[in-house]
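Participant: This one is data.txt, compact mmCIF, C-alpha atoms.
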```txt
# COMPACT_ATOMS: atom_id res chain seq x y z
CA LYS A 1 10.67 -12.57 -33.18
CA LYS A 2 11.42 -9.18 -31.63
CA TYR A 3 8.56 -6.83 -30.94
CA PRO A 4 8.95 -3.04 -30.74
CA ARG A 5 8.96 -1.71 -27.18
CA LEU A 6 6.01 0.40 -26.13
CA LYS A 7 6.79 3.96 -25.19
CA TRP A 8 4.94 5.23 -22.18
CA LYS A 9 4.12 8.90 -21.95
CA HIS A 10 3.03 10.36 -18.60
CA GLN A 11 0.62 13.25 -18.71
CA LYS A 12 -2.00 14.92 -16.57
CA VAL A 13 -5.44 13.44 -16.20
CA SER A 14 -7.85 14.73 -18.80
CA ASN A 15 -11.29 13.81 -20.05
CA GLN A 16 -9.72 12.33 -23.19
CA ILE A 17 -7.80 9.62 -21.29
CA ARG A 18 -10.17 8.77 -18.47
CA PRO A 19 -9.85 5.04 -17.72
CA ARG A 20 -12.59 2.76 -18.95
CA LYS A 21 -14.06 0.74 -16.11
CA TRP A 22 -13.93 -2.47 -18.10
CA GLY A 23 -10.18 -2.05 -18.67
CA TYR A 24 -9.52 -1.58 -14.98
CA PHE A 25 -11.63 -4.51 -13.80
CA PHE A 26 -10.42 -6.78 -16.63
CA THR A 27 -6.80 -6.15 -15.64
CA LEU A 28 -7.54 -6.91 -11.98
CA PHE A 29 -9.47 -10.03 -13.02
CA CYS A 30 -6.47 -11.31 -14.97
CA ILE A 31 -4.10 -10.65 -12.06
CA ASP A 32 -6.34 -12.43 -9.57
CA LYS A 33 -6.94 -15.46 -11.80
CA ALA A 34 -3.27 -15.76 -12.74
CA SER A 35 -2.32 -15.57 -9.06
CA PHE A 36 -4.86 -18.27 -8.22
CA CYS A 37 -3.59 -20.56 -10.99
CA ALA A 38 0.02 -20.01 -9.96
CA SER A 39 -0.81 -21.08 -6.41
CA LEU A 40 -2.27 -24.36 -7.72
CA VAL A 41 0.65 -25.25 -9.98
CA PRO A 42 3.12 -27.43 -8.05
CA MET A 43 6.12 -26.19 -10.08
CA THR A 44 8.16 -23.72 -7.99
CA GLY A 45 9.90 -22.42 -11.11
CA PHE A 46 6.62 -21.39 -12.71
CA ARG A 47 5.56 -19.51 -9.58
CA LYS A 48 8.89 -17.67 -9.53
CA ILE A 49 8.47 -16.64 -13.17
CA TYR A 50 4.92 -15.44 -12.47
CA LYS A 51 6.00 -13.40 -9.46
CA HIS A 52 8.96 -11.93 -11.33
CA THR A 53 6.69 -10.90 -14.20
CA LEU A 54 4.15 -9.39 -11.81
CA ASN A 55 6.84 -7.38 -10.03
CA LYS A 56 8.14 -6.07 -13.35
CA MET A 57 4.67 -5.00 -14.45
CA PHE A 58 3.67 -3.49 -11.10
CA PRO A 59 6.84 -2.43 -9.23
CA ILE A 60 5.01 -0.54 -6.46
CA GLY A 61 3.58 -3.76 -5.09
CA ASN A 62 7.10 -5.20 -5.13
CA ILE A 63 8.36 -2.17 -3.15
CA VAL A 64 5.69 -2.66 -0.50
CA GLU A 65 6.51 -6.35 -0.26
CA SER A 66 10.32 -6.21 -0.32
CA LEU A 67 11.31 -3.05 1.58
CA PRO A 68 11.55 -3.02 5.39
CA TYR A 69 8.52 -1.47 7.06
CA THR A 70 7.92 0.86 9.99
CA MET A 71 4.70 0.61 11.99
CA VAL A 72 2.93 3.87 12.86
CA PHE A 73 0.10 3.74 15.40
CA LYS A 74 -2.24 6.74 15.33
CA THR A 75 -3.44 5.79 18.78
CA THR A 76 -6.30 8.31 18.76
CA ASN A 77 -7.83 10.98 16.57
CA TRP A 78 -8.73 13.16 19.56
CA CYS A 79 -6.75 16.32 20.26
CA TRP A 80 -7.36 19.46 22.32
CA TYR A 81 -6.32 21.54 19.31
CA ARG A 82 -8.00 21.91 15.96
CA CYS A 83 -5.06 23.23 13.96
CA PRO A 84 -5.79 24.47 10.43
CA HIS A 85 -2.83 22.54 9.03
CA CYS A 86 -3.58 19.16 10.64
CA CYS A 87 -3.16 16.40 8.07
CA GLU A 88 -5.20 14.03 10.25
CA SER A 89 -8.13 16.45 10.80
CA ALA A 90 -7.85 15.71 14.53
CA GLY A 91 -9.65 17.76 17.16
CA ALA A 92 -11.72 17.84 20.34
CA ASP A 93 -14.83 16.98 18.32
CA MET A 94 -13.42 13.53 17.45
CA PRO A 95 -14.26 10.39 19.48
CA LYS A 96 -12.21 9.79 22.62
CA GLU A 97 -11.23 6.37 21.39
CA TYR A 98 -7.82 4.70 21.46
CA ILE A 99 -6.30 1.67 19.77
CA PRO A 100 -6.18 -0.93 22.57
CA ALA A 101 -2.72 -1.41 24.04
CA ASP A 102 -2.98 -5.20 23.73
CA VAL A 103 -3.70 -4.86 20.00
CA ILE A 104 -0.58 -2.75 19.49
CA GLU A 105 1.45 -5.19 21.57
CA SER A 106 0.17 -8.11 19.50
CA TYR A 107 1.19 -6.45 16.23
CA VAL A 108 4.64 -5.57 17.59
CA LYS A 109 5.24 -9.17 18.68
CA GLN A 110 4.06 -10.47 15.30
CA ALA A 111 6.31 -7.99 13.50
CA ARG A 112 9.31 -9.08 15.57
CA GLN A 113 8.98 -12.49 13.93
CA ASP A 114 9.18 -10.86 10.47
CA THR A 115 12.61 -10.17 9.01
CA LYS A 116 11.15 -7.25 7.02
CA PHE A 117 10.25 -5.33 10.17
CA SER A 118 12.67 -2.43 10.67
CA ARG A 119 12.08 -2.46 14.45
CA ASP A 120 11.06 1.20 14.18
CA LEU A 121 7.81 2.17 15.88
CA VAL A 122 5.97 5.51 15.89
CA LEU A 123 3.34 6.35 18.52
CA THR A 124 1.27 9.39 17.62
CA GLY A 125 -2.29 10.70 17.31
CA GLY A 126 -4.21 12.98 17.42
CA GLU A 127 -2.57 13.63 20.75
CA ILE A 128 -1.44 10.43 22.43
CA THR A 129 -0.95 12.01 25.87
CA SER A 130 -4.69 12.77 26.01
CA ALA A 131 -4.99 9.15 27.14
CA TYR A 132 -3.93 10.31 30.61
CA MET A 133 -7.21 12.24 30.86
CA HIS A 134 -9.63 10.29 28.67
CA HIS A 135 -8.49 6.66 28.64
CA SER A 136 -5.95 5.34 31.14
CA PRO A 137 -2.96 6.98 32.88
CA ASP A 138 -0.97 3.78 32.27
CA TYR A 139 -1.65 3.64 28.50
CA VAL A 140 1.39 5.61 27.34
CA PRO A 141 4.02 4.12 29.70
CA LYS A 142 2.71 0.64 28.96
CA LEU A 143 3.19 1.16 25.21
CA LEU A 144 6.64 2.71 25.62
CA ASN A 145 7.92 -0.04 27.89
CA MET A 146 6.39 -2.74 25.70
CA ALA A 147 8.09 -1.36 22.57
CA LEU A 148 11.48 -1.03 24.26
CA ASP A 149 11.18 -4.47 25.88
CA ASN A 150 10.71 -5.85 22.36
CA GLU A 151 13.93 -4.10 21.26
CA CYS A 152 12.19 -1.55 19.05
CA ALA A 153 13.29 2.04 18.51
CA VAL A 154 10.25 4.13 19.40
CA ASP A 155 9.33 7.70 18.47
CA ILE A 156 6.53 9.26 20.52
CA LYS A 157 5.01 12.44 19.09
CA THR A 158 3.28 15.09 21.19
CA ASN A 159 2.27 18.73 20.73
CA ALA A 160 3.13 19.35 24.42
CA GLY A 161 -0.18 21.09 24.98
CA TRP A 162 -0.30 19.52 28.45
CA VAL A 163 2.90 21.29 29.60
CA ALA A 164 1.18 24.57 30.42
CA ALA A 165 -1.04 22.98 33.09
CA LYS A 166 0.89 22.78 36.35
CA ASN A 167 -0.99 19.78 37.70
CA GLN A 168 -0.56 16.13 38.61
CA THR A 169 -1.07 14.97 35.02
CA ARG A 170 1.88 17.03 33.85
CA GLU A 171 4.01 15.62 36.67
CA LYS A 172 3.05 12.03 35.85
CA ILE A 173 3.79 12.44 32.13
CA PHE A 174 7.27 13.80 32.87
CA ASN A 175 7.90 11.06 35.43
CA ASP A 176 6.79 8.38 32.96
CA LEU A 177 8.99 9.70 30.15
CA VAL A 178 12.07 10.06 32.36
CA GLY A 179 11.45 6.74 34.09
CA THR A 180 11.11 4.89 30.79
CA LEU A 181 14.28 6.48 29.42
CA SER A 182 16.27 5.60 32.54
CA ALA A 183 14.98 2.03 32.67
CA HIS A 184 15.93 1.24 29.07
CA SER A 185 19.20 3.12 28.62
CA THR A 186 22.21 1.02 27.67
CA SER A 187 24.96 0.92 30.25
CA SER A 188 27.78 1.62 27.78
CA PHE A 189 26.43 4.72 26.03
CA ARG A 190 23.60 5.75 28.40
CA VAL A 191 21.39 6.38 25.36
CA SER A 192 17.85 5.06 25.08
CA PRO A 193 16.40 3.98 21.69
CA MET A 194 13.49 6.35 22.30
CA GLN A 195 12.85 9.71 20.68
CA ILE A 196 10.37 12.39 21.73
CA SER A 197 9.10 14.52 18.84
CA LEU A 198 7.63 18.01 19.21
CA SER A 199 6.03 20.45 16.76
CA LEU A 200 7.27 24.04 16.54
CA ASP A 201 5.21 26.17 14.17
CA ARG A 202 2.80 29.08 13.87
CA PHE A 203 -0.25 26.80 13.96
CA HIS A 204 0.00 25.18 17.40
CA PRO A 205 -0.98 27.71 20.07
CA HIS A 206 2.03 28.98 22.05
CA SER A 207 4.23 26.22 20.64
CA LEU A 208 7.44 28.22 21.22
CA GLU A 209 6.74 28.63 24.94
CA LYS A 210 5.63 24.99 25.35
CA ASN A 211 8.66 23.63 23.50
CA THR A 212 10.93 25.73 25.68
CA ASP A 213 9.20 24.55 28.85
CA PHE A 214 9.28 20.89 27.82
CA ILE A 215 12.96 20.83 26.80
CA THR A 216 14.00 22.79 29.89
CA GLU A 217 12.14 20.43 32.20
CA MET A 218 13.53 17.30 30.53
CA SER A 219 17.09 18.64 30.73
CA ARG A 220 16.68 19.23 34.45
CA ARG A 221 15.14 15.82 35.18
CA GLN A 222 17.47 13.66 33.07
CA LYS A 223 20.18 12.24 35.32
CA ASN A 224 21.14 8.70 34.35
CA SER A 225 20.49 8.55 30.60
CA SER A 226 20.44 10.69 27.48
CA CYS A 227 17.26 11.80 25.76
CA MET A 228 16.78 12.61 22.06
CA ILE A 229 14.21 15.35 21.43
CA HIS A 230 13.29 16.02 17.81
CA VAL A 231 11.75 19.41 17.09
CA SER A 232 10.22 19.70 13.62
CA SER A 233 8.89 22.77 11.87
CA PHE A 234 7.92 24.00 8.42
CA ASP A 235 10.16 25.88 6.04
CA LYS A 236 8.37 29.18 6.65
CA ASP A 237 8.71 28.80 10.43
CA ALA A 238 12.44 28.06 10.51
CA ASP A 239 13.15 31.36 12.31
CA MET A 240 11.40 29.89 15.37
CA PHE A 241 14.40 27.60 15.85
CA ARG A 242 16.62 30.57 16.69
CA LYS A 243 14.02 31.90 19.10
CA LEU A 244 13.83 28.48 20.78
CA LEU A 245 17.60 28.35 21.26
CA ASP A 246 17.60 31.89 22.64
CA ASN A 247 14.84 30.98 25.13
CA LEU A 248 16.79 27.93 26.30
CA LYS A 249 19.91 30.02 26.84
CA LYS A 250 17.92 32.57 28.85
CA SER A 251 16.69 29.80 31.12
CA GLY A 252 20.29 29.21 32.20
CA ILE A 253 20.86 25.88 30.44
CA ALA A 254 24.16 25.24 28.71
CA ILE A 255 23.72 24.76 24.95
CA GLN A 256 26.32 23.64 22.46
CA GLN A 257 25.95 22.80 18.78
CA LEU A 258 27.16 19.31 17.98
CA MET A 259 26.91 19.03 14.19
CA VAL A 260 24.98 20.02 11.08
CA VAL A 261 24.01 17.39 8.53
CA GLY A 262 23.66 18.45 4.89
CA ALA A 263 23.11 22.15 5.61
CA ASP A 264 23.67 25.02 3.20
CA SER A 265 26.61 27.08 4.45
CA GLY A 266 25.29 30.26 2.88
CA ASP A 267 22.20 30.76 5.05
CA SER A 268 22.32 30.96 8.83
CA LEU A 269 18.72 29.74 9.12
CA GLN A 270 19.46 26.84 6.84
CA LYS A 271 22.37 25.91 9.08
CA LEU A 272 19.90 25.22 11.87
CA ASN A 273 18.03 22.69 9.74
CA ASN A 274 19.06 19.13 10.58
CA SER A 275 21.38 20.35 13.31
CA PHE A 276 22.07 18.67 16.65
CA TRP A 277 22.52 20.43 19.98
CA SER A 278 23.41 19.33 23.48
CA VAL A 279 21.07 20.89 26.04
CA GLY A 280 22.27 20.59 29.61
CA ASN A 281 24.04 17.33 30.35
CA ASN A 282 21.70 14.66 29.03
CA VAL A 283 19.43 16.07 26.28
CA ILE A 284 20.27 15.94 22.59
CA LEU A 285 18.15 18.29 20.50
CA ARG A 286 17.58 17.80 16.78
CA LEU A 287 16.03 20.52 14.62
CA THR A 288 14.50 19.78 11.20
CA THR A 289 12.17 21.51 8.78
CA GLY A 290 9.73 20.01 6.32
CA THR A 291 7.13 20.89 3.73
CA LEU A 292 3.50 21.61 4.52
CA PHE A 293 1.50 19.12 2.42
CA ASP A 294 -2.10 19.55 1.37
CA GLY A 295 -3.56 16.66 3.37
CA GLY A 296 -6.47 16.88 5.81
CA ARG A 297 -7.35 20.48 6.72
CA ALA A 298 -4.13 21.73 5.11
CA LYS A 299 -5.71 21.31 1.67
CA ASN A 300 -7.49 24.62 2.31
CA MET A 301 -4.25 26.51 2.99
CA PRO A 302 -2.74 28.57 0.15
CA ASP A 303 0.88 27.79 1.07
CA ALA A 304 0.36 24.01 1.26
CA TYR A 305 2.35 21.99 -1.26
CA HIS A 306 0.25 19.93 -3.65
CA THR A 307 1.10 16.24 -3.59
CA PRO A 308 0.59 14.85 -7.13
CA ALA A 309 0.08 11.22 -6.05
CA PRO A 310 -0.28 11.01 -2.25
CA GLN A 311 -1.16 7.31 -2.39
CA PHE A 312 2.44 6.57 -3.40
CA SER A 313 4.05 8.78 -0.73
CA PHE A 314 4.64 6.05 1.81
CA ILE A 315 8.43 5.70 2.01
CA SER A 316 10.13 7.35 4.97
CA PRO A 317 13.11 9.60 4.20
CA GLY A 318 16.51 8.75 5.54
CA PRO A 319 19.59 6.64 4.81
CA THR A 320 17.55 3.43 5.10
CA PRO A 321 14.15 3.85 3.39
CA THR A 322 11.23 1.99 4.92
CA VAL A 323 7.56 1.61 4.05
CA LEU A 324 5.27 3.38 6.53
CA MET A 325 2.29 1.30 7.67
CA ALA A 326 -0.13 3.48 9.67
CA PHE A 327 -2.84 1.99 11.91
CA ASP A 328 -5.70 4.26 13.03
CA THR A 329 -8.60 4.10 15.48
CA PHE A 330 -11.13 3.67 12.67
CA GLY A 331 -9.79 0.17 11.96
CA SER A 332 -7.79 1.02 8.83
CA VAL A 333 -4.17 0.47 7.85
CA THR A 334 -2.76 2.83 5.24
CA LEU A 335 0.53 3.10 3.45
CA GLY A 336 1.92 6.49 4.46
CA GLU A 337 1.42 8.57 7.57
CA ASN A 338 -0.39 11.64 6.21
CA SER A 339 -3.90 11.88 4.84
CA GLY A 340 -5.12 12.08 1.25
CA ARG A 341 -5.85 9.28 -1.19
CA LYS A 342 -4.15 6.22 0.27
CA ILE A 343 -3.56 2.54 -0.35
CA ARG A 344 -5.39 0.89 2.51
CA THR A 345 -6.92 -2.18 4.04
CA HIS A 346 -8.42 -2.89 7.47
CA TRP A 347 -6.84 -4.27 10.63
CA ARG A 348 -10.10 -4.75 12.53
CA ASN A 349 -12.58 -7.47 11.59
CA PRO A 350 -16.35 -6.79 11.64
CA ASP A 351 -16.57 -8.60 14.98
CA GLY A 352 -13.96 -6.25 16.48
CA THR A 353 -11.04 -8.70 16.54
CA ALA A 354 -7.66 -7.83 15.05
CA ARG A 355 -6.53 -9.44 11.80
CA PRO A 356 -3.15 -11.22 11.59
CA LEU A 357 -0.31 -8.94 10.48
CA ALA A 358 0.70 -11.30 7.66
CA ASP A 359 -2.79 -11.01 6.12
CA ILE A 360 -2.62 -7.21 6.36
CA ARG A 361 0.75 -7.17 4.62
CA ARG A 362 -0.52 -9.36 1.78
CA ASP A 363 -3.60 -7.18 1.35
CA LEU A 364 -1.51 -4.01 1.18
CA VAL A 365 0.66 -5.51 -1.56
CA LYS A 366 -2.47 -6.49 -3.48
CA GLN A 367 -4.07 -3.07 -3.00
CA ALA A 368 -0.85 -1.36 -4.11
CA ARG A 369 -0.95 -3.25 -7.40
CA LYS A 370 -4.61 -2.40 -7.90
CA GLU A 371 -3.94 1.28 -7.25
CA GLU A 372 -1.02 1.22 -9.67
CA VAL A 373 -3.29 -0.22 -12.37
CA ARG A 374 -5.90 2.47 -11.73
CA TYR A 375 -3.31 5.25 -11.69
CA ASN A 376 -1.61 4.05 -14.87
CA LEU A 377 -4.89 3.84 -16.75
CA GLU A 378 -5.57 7.45 -15.78
CA THR A 379 -2.17 9.00 -16.38
CA ILE A 380 -0.29 6.88 -18.92
CA LYS A 381 -0.89 6.86 -22.62
CA ILE A 382 0.58 4.41 -25.12
CA THR A 383 2.15 6.16 -28.13
```
How would this structure read if it were set down as structure tokens?

Facilitator:
Amino acid sequence: KKYPRLKWKHQKVSNQIRPRKWGYFFTLFCIDKASFCASLVPMTGFRKIYKHTLNKMFPIGNIVESLPYTMVFKTTNWCWYRCPHCCESAGADMPKEYIPADVIESYVKQARQDTKFSRDLVLTGGEITSAYMHHSPDYVPKLLNMALDNECAVDIKTNAGWVAAKNQTREKIFNDLVGTLSAHSTSSFRVSPMQISLSLDRFHPHSLEKNTDFITEMSRRQKNSSCMIHVSSFDKDADMFRKLLDNLKKSGIAIQQLMVVGADSGDSLQKLNNSFWSVGNNVILRLTTGTLFDGGRAKNMPDAYHTPAPQFSFISPGPTPTVLMAFDTFGSVTLGENSGRKIRTHWRNPDGTARPLADIRRDLVKQARKEEVRYNLETIKIT
């Protein structure tokens, strides 16, 4: 017998379609009990049918489970700035705590045994370079060398606030970055699988001057390998790209545009978006713009873009989409890098030890299905 298909109509949350708590918990109860029964049944075919049905009913959990994943380590929530747009609400009033380097190394080594790991690693904060002052001067180079030794492509993000201070810390950071790049460059192409990301916007104090100083210094120090520097900005700050290029030219460094990917030919500013430039002999500069989302402190900004369902914004853009798994100093792992309502679990046990990566992955899949049930009960109406 054929049954008529249900038509699902998405609409905004209203008081008329608020989910009933019993419906939410009853659905989760059925999923948990069915999963438990399926694990007891010795028939492999039955378990496959159950999993296929579950993936059809709750596709977001299937996405989390089946897509490759990128690991993001928010190594600290401390930062010398307290920017109004910060999606992480970082600042100098946050604890000077850092995810232990051995914990990050353990998770990288576990991920290398997983075929779903994309081998992409992001090291960020807060401000990760604050570890030179508040944690250990060997923290950052240890993480970079560990990631590259494990054949991972690593992206380290910094606001370059330390560039303005002409002191030994600045000198050591530059030496560590250049030394790591030189030590792990491939002999054939002289390119290291390491990217340095900077922020260029109206929120970070003197970001134009600090970006110029950082890129100029790296172009002068790079001798034996190439360095990729990614400068990101917001749509409203795209004119700062032109000012950055002008400053680099004034410093006497040779600059040449290499290519533009997917740019609109009608707008000169738009041409700079997603463009690549050679700076000096060994620096490749990439310029991109993005949208200011309403996460963290940015939710109070009038020009921030409202994210309808931030808990489902966890797939990285690009030709090969990956699921972003973000670890923070508070012991949580979330799907997605920015703040807001998120699908999460914990990586740190109550006794302070780190949980196995496989258990974290399973929990995130389970939490994704639970969040999809909750969201559907709020926003979907059967007609």

Participant: Would you mind listing what lies within 10 Å of Gly296 of chain A as a VMD selection string, with all atoms listed in the file counted and same-chain residues fewer than 5 positions away left out?

Facilitator: chain A and resid 84 to 90 338 to 340

Participant: For the point (19.0, 13.4, 34.7) in file coordinates, what residues are within 12 Å, counting all atoms listed in the file? Give the answer as a list in words?

Facilitator: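 Returned residue set, sorted by chain then number, is Phe174, Asn175, Leu177, Val178, Gly179, Leu181, Ser182, Ser185, Arg190, Val191, Thr216, Glu217, Met218, Ser219, Arg220, Arg221, Gln222, Lys223, Asn224, Ser225, Ser226, Cys227, Val279, Gly280, Asn281, Asn282 and Val283 of chain A.
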
Participant: Selected residues, C-alpha atoms, written as a PDB file, in the coordinates of the input, please.

Facilitator:
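File written: out.pdb
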```pdb
ATOM      1  CA  PHE A 174       7.270  13.800  32.870  1.00  0.00           C
ATOM      2  CA  ASN A 175       7.900  11.060  35.430  1.00  0.00           C
ATOM      3  CA  LEU A 177       8.990   9.700  30.150  1.00  0.00           C
ATOM      4  CA  VAL A 178      12.070  10.060  32.360  1.00  0.00           C
ATOM      5  CA  GLY A 179      11.450   6.740  34.090  1.00  0.00           C
ATOM      6  CA  LEU A 181      14.280   6.480  29.420  1.00  0.00           C
ATOM      7  CA  SER A 182      16.270   5.600  32.540  1.00  0.00           C
ATOM      8  CA  SER A 185      19.200   3.120  28.620  1.00  0.00           C
ATOM      9  CA  ARG A 190      23.600   5.750  28.400  1.00  0.00           C
ATOM     10  CA  VAL A 191      21.390   6.380  25.360  1.00  0.00           C
ATOM     11  CA  THR A 216      14.000  22.790  29.890  1.00  0.00           C
ATOM     12  CA  GLU A 217      12.140  20.430  32.200  1.00  0.00           C
ATOM     13  CA  MET A 218      13.530  17.300  30.530  1.00  0.00           C
ATOM     14  CA  SER A 219      17.090  18.640  30.730  1.00  0.00           C
ATOM     15  CA  ARG A 220      16.680  19.230  34.450  1.00  0.00           C
ATOM     16  CA  ARG A 221      15.140  15.820  35.180  1.00  0.00           C
ATOM     17  CA  GLN A 222      17.470  13.660  33.070  1.00  0.00           C
ATOM     18  CA  LYS A 223      20.180  12.240  35.320  1.00  0.00           C
ATOM     19  CA  ASN A 224      21.140   8.700  34.350  1.00  0.00           C
ATOM     20  CA  SER A 225      20.490   8.550  30.600  1.00  0.00           C
ATOM     21  CA  SER A 226      20.440  10.690  27.480  1.00  0.00           C
ATOM     22  CA  CYS A 227      17.260  11.800  25.760  1.00  0.00           C
ATOM     23  CA  VAL A 279      21.070  20.890  26.040  1.00  0.00           C
ATOM     24  CA  GLY A 280      22.270  20.590  29.610  1.00  0.00           C
ATOM     25  CA  ASN A 281      24.040  17.330  30.350  1.00  0.00           C
ATOM     26  CA  ASN A 282      21.700  14.660  29.030  1.00  0.00           C
ATOM     27  CA  VAL A 283      19.430  16.070  26.280  1.00  0.00           C
TER      28      VAL A 283
END
```

Participant: Which of these, A:Leu244, A:Leu198, A:Leu377, A:Ala147, has the shortest distance to Ala160 of chain A once you count all atoms listed in the file?

Facilitator: A:Leu198

Participant: Could you check which of A:Pro193, A:Gly336, A:Pro205, A:Gly331 is closest to Asn77 of chain A, using all atoms listed in the file?

Facilitator: A:Gly331

Participant: With only C-alpha atoms as the atoms that count, which of A:Leu148, A:Ala153, A:Ala92, A:Met301 lies nearest to His134 of chain A?

Facilitator: A:Ala92

Participant: Of the residues A:Ala183, A:Val103, A:Ala368, A:Cys83, which is the one nearest to Trp347 of chain A, using only C-alpha atoms?

Facilitator: A:Val103

Participant: Could you check how far atom CA of Leu335 of chain A sits from atom CA of Ala354 of chain A, in Å to one decimal?

Facilitator: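 Taking atom CA of Leu335 of chain A and atom CA of Ala354 of chain A, their separation equals 17.9 Å.
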
Participant: Provide the atom CA of Phe234 of chain A to atom CA of Asn159 of chain A distance in Å, to one decimal place.

Facilitator: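 We find that atom CA of Phe234 of chain A and atom CA of Asn159 of chain A lie 14.5 Å from each other.
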
Participant: Quick one: of A:Asp102, A:Phe327, A:Ile284, A:His204, who's nearest to Leu123 of chain A, counting only C-alpha atoms?

Facilitator: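 Under the stated criterion, the closest residue is A:Phe327.
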
Participant: Check the smallest atom-to-atom distance from each of A:Ile315, A:Met133, A:Val373, A:Ile99 to Asn167 of chain A using only C-alpha atoms, then report the winner.

Facilitator: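 Of all the options, A:Met133 lies closest to Asn167 of chain A.
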
Participant: Please report the interatomic distance between atom CA of Asp239 of chain A and atom CA of Arg297 of chain A in Å with one decimal.

Facilitator: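 Calculated distance between atom CA of Asp239 of chain A and atom CA of Arg297 of chain A is 23.9 Å.
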
Participant: Please provide as a list in words all residues within 8 Å of Ile60 of chain A, with the sequence filter that same-chain residues fewer than 5 positions apart are discarded (counting only C-alpha atoms).

Facilitator: Asn55, Ala368, Arg369 and Glu372 of chain A

Participant: I'd like the neighbourhood of segment 245-261 of chain A as JSON, numbers by chain, where a residue qualifies if any of its atoms comes within 8 Å (using only C-alpha atoms), though same-chain residues fewer than 5 positions away should be ignored.

Facilitator: {"A": [212, 216, 271, 272, 273, 274, 275, 276, 277, 278, 279, 280]}

Participant: Restricted to C-alpha atoms, what would the selected residues look like written as an mmCIF file, keeping the file's coordinate frame?

Facilitator:
```
data_model
loop_
_atom_site.group_PDB
_atom_site.id
_atom_site.type_symbol
_atom_site.label_atom_id
_atom_site.label_comp_id
_atom_site.auth_asym_id
_atom_site.auth_seq_id
_atom_site.Cartn_x
_atom_site.Cartn_y
_atom_site.Cartn_z
ATOM 1 C CA THR A 212 10.930 25.730 25.680
ATOM 2 C CA THR A 216 14.000 22.790 29.890
ATOM 3 C CA LYS A 271 22.370 25.910 9.080
ATOM 4 C CA LEU A 272 19.900 25.220 11.870
ATOM 5 C CA ASN A 273 18.030 22.690 9.740
ATOM 6 C CA ASN A 274 19.060 19.130 10.580
ATOM 7 C CA SER A 275 21.380 20.350 13.310
ATOM 8 C CA PHE A 276 22.070 18.670 16.650
ATOM 9 C CA TRP A 277 22.520 20.430 19.980
ATOM 10 C CA SER A 278 23.410 19.330 23.480
ATOM 11 C CA VAL A 279 21.070 20.890 26.040
ATOM 12 C CA GLY A 280 22.270 20.590 29.610
#
```
